[in-house]
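Step one of this worksheet: look at the structure below.
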Amino acid sequence: MLSDRAGWGLKLAAIGGLLFLHLPILLIFLYAFTTDERTYQFPPPGLTTEWFAVAWNREDIWPPLYLSLRVAAISTMMAMILGTLCAAAMAGSRFFGRDQISLLIILPIALPGIITGMSLRSAFAVMEIPFSTWTIVMGHATFCIVIVFNNAVARFRRLSGSIVEASLDLGANGFQTFRHVLLPNLGTALLAGGMLAFALSFDEVIVTTFTAGQQSTLPIWMLNELVRPRQRPVTNVVAIVVFVTTFVPILIAFYLTRGGSETAGGGK
């Protein structure tokens with residue numbers, strides 16, 4: 001009897017935790033359909049789909065969307081290259097200070113975003129680098145590299161070094177070994193890390209605020225729109241787009257890595 005009560009208590013606690021986490025997201029979805037464009041009264045006075053058409057025709061939404069997609073794509077490509085190389089170096093060799101260097105690689109994802117943003121902004125000012133798409137990319141790459149590194153290094157540690165040695169003994173060069181031996185074994189881990197890095201880059205706000213200058217990515221556009229008392233449901237419509245754009249890659253990354261020991265991001 002006591003165990004049954006404890007079981008029901010745990011179930012209720014789990015349900016309460018899930019509601020606490022996801023109910024605000026459901027409210028965003030709900031208020032994307034409200035007929036009242038200025039207030040968030042509950043229940044909504046009515047429901048409509050007109051705000052989706054309004055959002056589609058808002059010309060100020062498209063440039064931030066394109067910028068966010070471009071930055072996320074470039075940051076992910078950089079992260080997949082540099083993160084994989086770092087993972088190969090850390091997992092495939094033994095040298096003094098390896099653990100300390102590994103800590104330095106993953107440190108950017110552990111630091112508060114505001115620290116990373118302030119540091120990058122100061123560095124850009126000292127080096128007289130003007131704000132551009134590339135300054136945003138460099139800011140996002142600081143944590144995207146860690147995402148890919150975490151996934152790749154976990155997969156590298158599961159691989160036997162003998163398969164590389166066997167490939168080299170059979171006459172394959174370094175590129176052939178990577179193409180035909182390592183890449184097939186690393187494929188799902190790299191794909192999961194890349195998708196997760198893209199999702200986190202697409203909705204990044206804090207680091208972007210310090211590295212964007214006068215540019216506006218989609219999350220920054222949403223943040224600016226929240227202080228304006230007009231067409232608030234449009235912001236919720238855009239929030240749905242951001243949710244779907246980030247949720248789908250994260251879900252795919254989860255399914256690609258759930259059967260192994262990959263970290264799937266390391267908890268950014």
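Residues are referred to by chain and number: the chain letter is A, B, ... according to the order shown in the structure tokens, the number counts from 1 in that chain, and ligands are numbered separately from 1 in the order shown.
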Those in region 3-131 of chain A with helix (DSSP H, G or I) from DSSP, as a tab-separated table (two decimals) with N, CA and C atoms, in the first residue's frame:
```
chain	number	residue	atom	x	y	z
A	3	SER	N	3.96	1.47	-1.01
A	3	SER	CA	4.67	1.60	-2.28
A	3	SER	C	3.75	2.15	-3.37
A	4	ASP	N	2.44	1.78	-3.33
A	4	ASP	CA	1.49	2.31	-4.30
A	4	ASP	C	1.33	3.81	-4.14
A	5	ARG	N	1.27	4.26	-2.89
A	5	ARG	CA	1.15	5.70	-2.65
A	5	ARG	C	2.40	6.44	-3.12
A	6	ALA	N	3.56	5.84	-2.85
A	6	ALA	CA	4.81	6.46	-3.30
A	6	ALA	C	4.85	6.52	-4.83
A	7	GLY	N	4.37	5.44	-5.49
A	7	GLY	CA	4.35	5.44	-6.94
A	7	GLY	C	3.46	6.52	-7.50
A	8	TRP	N	2.25	6.67	-6.91
A	8	TRP	CA	1.35	7.73	-7.37
A	8	TRP	C	1.93	9.12	-7.09
A	9	GLY	N	2.62	9.25	-5.94
A	9	GLY	CA	3.24	10.53	-5.62
A	9	GLY	C	4.31	10.91	-6.63
A	10	LEU	N	5.13	9.93	-7.03
A	10	LEU	CA	6.16	10.19	-8.03
A	10	LEU	C	5.55	10.55	-9.38
A	11	LYS	N	4.45	9.87	-9.75
A	11	LYS	CA	3.79	10.17	-11.01
A	11	LYS	C	3.23	11.59	-11.00
A	12	LEU	N	2.59	11.97	-9.90
A	12	LEU	CA	2.05	13.32	-9.80
A	12	LEU	C	3.16	14.37	-9.84
A	13	ALA	N	4.29	14.05	-9.16
A	13	ALA	CA	5.42	14.98	-9.18
A	13	ALA	C	5.97	15.13	-10.60
A	14	ALA	N	6.04	14.00	-11.33
A	14	ALA	CA	6.53	14.05	-12.70
A	14	ALA	C	5.59	14.87	-13.58
A	15	ILE	N	4.28	14.66	-13.42
A	15	ILE	CA	3.30	15.42	-14.19
A	15	ILE	C	3.41	16.91	-13.88
A	16	GLY	N	3.55	17.23	-12.57
A	16	GLY	CA	3.70	18.63	-12.18
A	16	GLY	C	4.95	19.27	-12.78
A	17	GLY	N	6.05	18.50	-12.78
A	17	GLY	CA	7.28	19.03	-13.37
A	17	GLY	C	7.15	19.28	-14.86
A	18	LEU	N	6.49	18.35	-15.56
A	18	LEU	CA	6.30	18.52	-17.00
A	18	LEU	C	5.41	19.72	-17.31
A	19	LEU	N	4.34	19.90	-16.51
A	19	LEU	CA	3.47	21.06	-16.71
A	19	LEU	C	4.22	22.36	-16.47
A	20	PHE	N	5.05	22.37	-15.42
A	20	PHE	CA	5.82	23.57	-15.10
A	20	PHE	C	6.76	23.93	-16.24
A	21	LEU	N	7.34	22.91	-16.88
A	21	LEU	CA	8.30	23.15	-17.96
A	21	LEU	C	7.62	23.55	-19.27
A	22	HIS	N	6.48	22.92	-19.58
A	22	HIS	CA	5.93	23.04	-20.92
A	22	HIS	C	4.64	23.85	-21.03
A	23	LEU	N	3.98	24.13	-19.93
A	23	LEU	CA	2.75	24.93	-19.99
A	23	LEU	C	2.99	26.32	-20.57
A	24	PRO	N	4.10	27.02	-20.19
A	24	PRO	CA	4.34	28.32	-20.83
A	24	PRO	C	4.48	28.23	-22.35
A	25	ILE	N	5.07	27.15	-22.84
A	25	ILE	CA	5.20	26.99	-24.30
A	25	ILE	C	3.83	26.81	-24.93
A	26	LEU	N	2.96	26.05	-24.26
A	26	LEU	CA	1.61	25.86	-24.78
A	26	LEU	C	0.84	27.18	-24.81
A	27	LEU	N	1.10	28.05	-23.82
A	27	LEU	CA	0.44	29.35	-23.81
A	27	LEU	C	0.89	30.21	-24.99
A	28	ILE	N	2.17	30.11	-25.36
A	28	ILE	CA	2.65	30.83	-26.54
A	28	ILE	C	1.90	30.37	-27.78
A	29	PHE	N	1.73	29.05	-27.90
A	29	PHE	CA	0.99	28.52	-29.03
A	29	PHE	C	-0.45	29.03	-29.02
A	30	LEU	N	-1.07	29.06	-27.84
A	30	LEU	CA	-2.45	29.50	-27.74
A	30	LEU	C	-2.60	30.96	-28.15
A	31	TYR	N	-1.71	31.83	-27.66
A	31	TYR	CA	-1.86	33.26	-27.93
A	31	TYR	C	-1.38	33.65	-29.32
A	50	GLU	N	-5.49	34.57	-38.49
A	50	GLU	CA	-5.08	35.71	-39.32
A	50	GLU	C	-3.64	36.14	-39.04
A	51	TRP	N	-3.13	35.90	-37.83
A	51	TRP	CA	-1.80	36.39	-37.49
A	51	TRP	C	-0.70	35.66	-38.25
A	52	PHE	N	-0.99	34.45	-38.71
A	52	PHE	CA	0.00	33.74	-39.52
A	52	PHE	C	0.18	34.44	-40.86
A	53	ALA	N	-0.93	34.92	-41.43
A	53	ALA	CA	-0.83	35.67	-42.69
A	53	ALA	C	-0.16	37.02	-42.45
A	54	VAL	N	-0.48	37.65	-41.33
A	54	VAL	CA	0.16	38.94	-41.01
A	54	VAL	C	1.66	38.77	-40.86
A	55	ALA	N	2.08	37.71	-40.15
A	55	ALA	CA	3.51	37.46	-39.96
A	55	ALA	C	4.18	37.18	-41.30
A	56	TRP	N	3.52	36.43	-42.16
A	56	TRP	CA	4.09	36.11	-43.47
A	56	TRP	C	4.33	37.38	-44.30
A	57	ASN	N	3.47	38.37	-44.15
A	57	ASN	CA	3.56	39.60	-44.94
A	57	ASN	C	4.36	40.70	-44.27
A	62	TRP	N	11.66	38.88	-42.30
A	62	TRP	CA	12.46	38.04	-43.19
A	62	TRP	C	13.96	38.28	-43.10
A	63	PRO	N	14.47	39.52	-43.07
A	63	PRO	CA	15.93	39.69	-42.93
A	63	PRO	C	16.50	39.07	-41.65
A	64	PRO	N	15.88	39.26	-40.47
A	64	PRO	CA	16.40	38.56	-39.29
A	64	PRO	C	16.35	37.05	-39.41
A	65	LEU	N	15.30	36.51	-40.05
A	65	LEU	CA	15.21	35.06	-40.24
A	65	LEU	C	16.34	34.56	-41.12
A	66	TYR	N	16.59	35.24	-42.24
A	66	TYR	CA	17.67	34.83	-43.13
A	66	TYR	C	19.03	34.93	-42.43
A	67	LEU	N	19.21	35.98	-41.63
A	67	LEU	CA	20.48	36.14	-40.92
A	67	LEU	C	20.67	35.02	-39.91
A	68	SER	N	19.62	34.67	-39.18
A	68	SER	CA	19.72	33.58	-38.20
A	68	SER	C	20.05	32.26	-38.87
A	69	LEU	N	19.40	31.98	-39.99
A	69	LEU	CA	19.67	30.73	-40.71
A	69	LEU	C	21.10	30.72	-41.25
A	70	ARG	N	21.55	31.84	-41.76
A	70	ARG	CA	22.91	31.91	-42.32
A	70	ARG	C	23.96	31.73	-41.23
A	71	VAL	N	23.77	32.43	-40.12
A	71	VAL	CA	24.72	32.31	-39.00
A	71	VAL	C	24.74	30.89	-38.44
A	72	ALA	N	23.56	30.30	-38.27
A	72	ALA	CA	23.49	28.94	-37.73
A	72	ALA	C	24.16	27.94	-38.66
A	73	ALA	N	23.96	28.09	-39.97
A	73	ALA	CA	24.56	27.17	-40.93
A	73	ALA	C	26.08	27.28	-40.93
A	74	ILE	N	26.60	28.50	-40.96
A	74	ILE	CA	28.06	28.69	-41.00
A	74	ILE	C	28.68	28.24	-39.68
A	75	SER	N	28.05	28.59	-38.56
A	75	SER	CA	28.57	28.18	-37.25
A	75	SER	C	28.61	26.67	-37.13
A	76	THR	N	27.58	26.01	-37.64
A	76	THR	CA	27.54	24.55	-37.57
A	76	THR	C	28.63	23.92	-38.41
A	77	MET	N	28.87	24.46	-39.61
A	77	MET	CA	29.93	23.93	-40.46
A	77	MET	C	31.29	24.09	-39.80
A	78	MET	N	31.55	25.26	-39.24
A	78	MET	CA	32.81	25.49	-38.54
A	78	MET	C	32.95	24.54	-37.36
A	79	ALA	N	31.86	24.37	-36.62
A	79	ALA	CA	31.90	23.51	-35.44
A	79	ALA	C	32.16	22.06	-35.80
A	80	MET	N	31.56	21.59	-36.89
A	80	MET	CA	31.75	20.20	-37.27
A	80	MET	C	33.19	19.93	-37.69
A	81	ILE	N	33.82	20.89	-38.33
A	81	ILE	CA	35.22	20.71	-38.73
A	81	ILE	C	36.15	20.80	-37.52
A	82	LEU	N	36.07	21.92	-36.81
A	82	LEU	CA	36.99	22.14	-35.69
A	82	LEU	C	36.69	21.21	-34.52
A	83	GLY	N	35.41	20.96	-34.24
A	83	GLY	CA	35.06	20.07	-33.14
A	83	GLY	C	35.53	18.65	-33.39
A	84	THR	N	35.42	18.18	-34.64
A	84	THR	CA	35.87	16.83	-34.97
A	84	THR	C	37.38	16.72	-34.87
A	85	LEU	N	38.10	17.74	-35.34
A	85	LEU	CA	39.55	17.72	-35.25
A	85	LEU	C	40.02	17.74	-33.79
A	86	CYS	N	39.38	18.55	-32.98
A	86	CYS	CA	39.73	18.57	-31.55
A	86	CYS	C	39.45	17.23	-30.89
A	87	ALA	N	38.32	16.64	-31.22
A	87	ALA	CA	37.96	15.34	-30.63
A	87	ALA	C	38.96	14.27	-31.05
A	88	ALA	N	39.38	14.28	-32.31
A	88	ALA	CA	40.35	13.30	-32.78
A	88	ALA	C	41.68	13.46	-32.06
A	89	ALA	N	42.08	14.71	-31.83
A	89	ALA	CA	43.35	14.95	-31.14
A	89	ALA	C	43.28	14.51	-29.68
A	90	MET	N	42.17	14.79	-29.02
A	90	MET	CA	42.04	14.46	-27.61
A	90	MET	C	41.86	12.96	-27.38
A	91	ALA	N	41.15	12.29	-28.27
A	91	ALA	CA	40.86	10.88	-28.07
A	91	ALA	C	41.93	9.97	-28.65
A	92	GLY	N	42.70	10.46	-29.61
A	92	GLY	CA	43.64	9.59	-30.31
A	92	GLY	C	45.07	9.71	-29.87
A	98	ARG	N	46.66	16.85	-21.32
A	98	ARG	CA	45.51	16.59	-22.19
A	98	ARG	C	44.19	16.89	-21.50
A	99	ASP	N	44.07	16.50	-20.23
A	99	ASP	CA	42.82	16.74	-19.51
A	99	ASP	C	42.56	18.23	-19.33
A	100	GLN	N	43.63	18.98	-19.08
A	100	GLN	CA	43.47	20.43	-18.90
A	100	GLN	C	43.05	21.10	-20.21
A	101	ILE	N	43.61	20.64	-21.32
A	101	ILE	CA	43.22	21.19	-22.61
A	101	ILE	C	41.77	20.84	-22.94
A	102	SER	N	41.37	19.61	-22.60
A	102	SER	CA	39.97	19.22	-22.80
A	102	SER	C	39.04	20.12	-22.01
A	103	LEU	N	39.45	20.47	-20.80
A	103	LEU	CA	38.64	21.37	-19.97
A	103	LEU	C	38.53	22.74	-20.63
A	104	LEU	N	39.62	23.24	-21.20
A	104	LEU	CA	39.58	24.54	-21.87
A	104	LEU	C	38.67	24.51	-23.09
A	105	ILE	N	38.61	23.35	-23.77
A	105	ILE	CA	37.75	23.26	-24.96
A	105	ILE	C	36.29	23.35	-24.58
A	106	ILE	N	35.89	22.69	-23.48
A	106	ILE	CA	34.48	22.68	-23.09
A	106	ILE	C	34.11	23.85	-22.18
A	107	LEU	N	35.09	24.65	-21.79
A	107	LEU	CA	34.81	25.76	-20.87
A	107	LEU	C	33.79	26.76	-21.42
A	108	PRO	N	33.84	27.14	-22.71
A	108	PRO	CA	32.87	28.15	-23.19
A	108	PRO	C	31.42	27.77	-22.98
A	109	ILE	N	31.10	26.48	-22.97
A	109	ILE	CA	29.70	26.10	-22.80
A	109	ILE	C	29.30	26.15	-21.34
A	110	ALA	N	30.30	26.14	-20.44
A	110	ALA	CA	30.01	26.21	-19.01
A	110	ALA	C	29.93	27.65	-18.52
A	113	GLY	N	26.65	33.05	-20.75
A	113	GLY	CA	26.70	33.67	-22.05
A	113	GLY	C	27.12	35.13	-22.00
A	114	ILE	N	26.75	35.81	-20.93
A	114	ILE	CA	27.09	37.23	-20.84
A	114	ILE	C	28.60	37.43	-20.71
A	115	ILE	N	29.29	36.48	-20.05
A	115	ILE	CA	30.74	36.55	-19.94
A	115	ILE	C	31.38	36.36	-21.31
A	116	THR	N	30.91	35.35	-22.03
A	116	THR	CA	31.42	35.10	-23.38
A	116	THR	C	31.17	36.30	-24.29
A	117	GLY	N	29.96	36.85	-24.22
A	117	GLY	CA	29.63	37.99	-25.07
A	117	GLY	C	30.48	39.21	-24.76
A	118	MET	N	30.66	39.53	-23.48
A	118	MET	CA	31.48	40.68	-23.10
A	118	MET	C	32.93	40.48	-23.53
A	119	SER	N	33.43	39.26	-23.38
A	119	SER	CA	34.82	38.98	-23.76
A	119	SER	C	35.02	39.16	-25.26
A	120	LEU	N	34.09	38.63	-26.04
A	120	LEU	CA	34.20	38.75	-27.49
A	120	LEU	C	34.08	40.21	-27.93
A	121	ARG	N	33.16	40.94	-27.33
A	121	ARG	CA	32.99	42.35	-27.70
A	121	ARG	C	34.25	43.15	-27.40
A	122	SER	N	34.87	42.86	-26.26
A	122	SER	CA	36.12	43.55	-25.91
A	122	SER	C	37.23	43.19	-26.88
A	123	ALA	N	37.30	41.90	-27.25
A	123	ALA	CA	38.33	41.46	-28.18
A	123	ALA	C	38.14	42.10	-29.55
A	124	PHE	N	36.90	42.20	-30.02
A	124	PHE	CA	36.64	42.83	-31.31
A	124	PHE	C	37.01	44.31	-31.27
A	125	ALA	N	36.76	44.95	-30.14
A	125	ALA	CA	37.10	46.37	-30.02
A	125	ALA	C	38.61	46.57	-30.02
A	126	VAL	N	39.34	45.72	-29.30
A	126	VAL	CA	40.80	45.84	-29.24
A	126	VAL	C	41.42	45.60	-30.62
```
Excluding same-chain residues fewer than 4 positions from Leu191 (chain A), what lies within 10 Å of it counting only C-alpha atoms, as a list in words? Met80, Val148, Asn151, Ala152, Leu186, Gly187, Met195, Leu196, Ala197, Pro249, Ile252, Ala253, Leu256 and Thr257 of chain A
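Nearest to Val244 (chain A) of all the residues A:Phe96, A:Ile136, A:Asp203, A:Phe42 is A:Asp203, counting only C-alpha atoms.
Nearest residue to Met222 (chain A), choosing from A:Ile145, A:Val207, A:Val238, A:Leu251 and counting only C-alpha atoms: A:Val238.
Separating CA of Val146 (chain A) from CA of Pro219 (chain A) is a distance of 21.6 Å.
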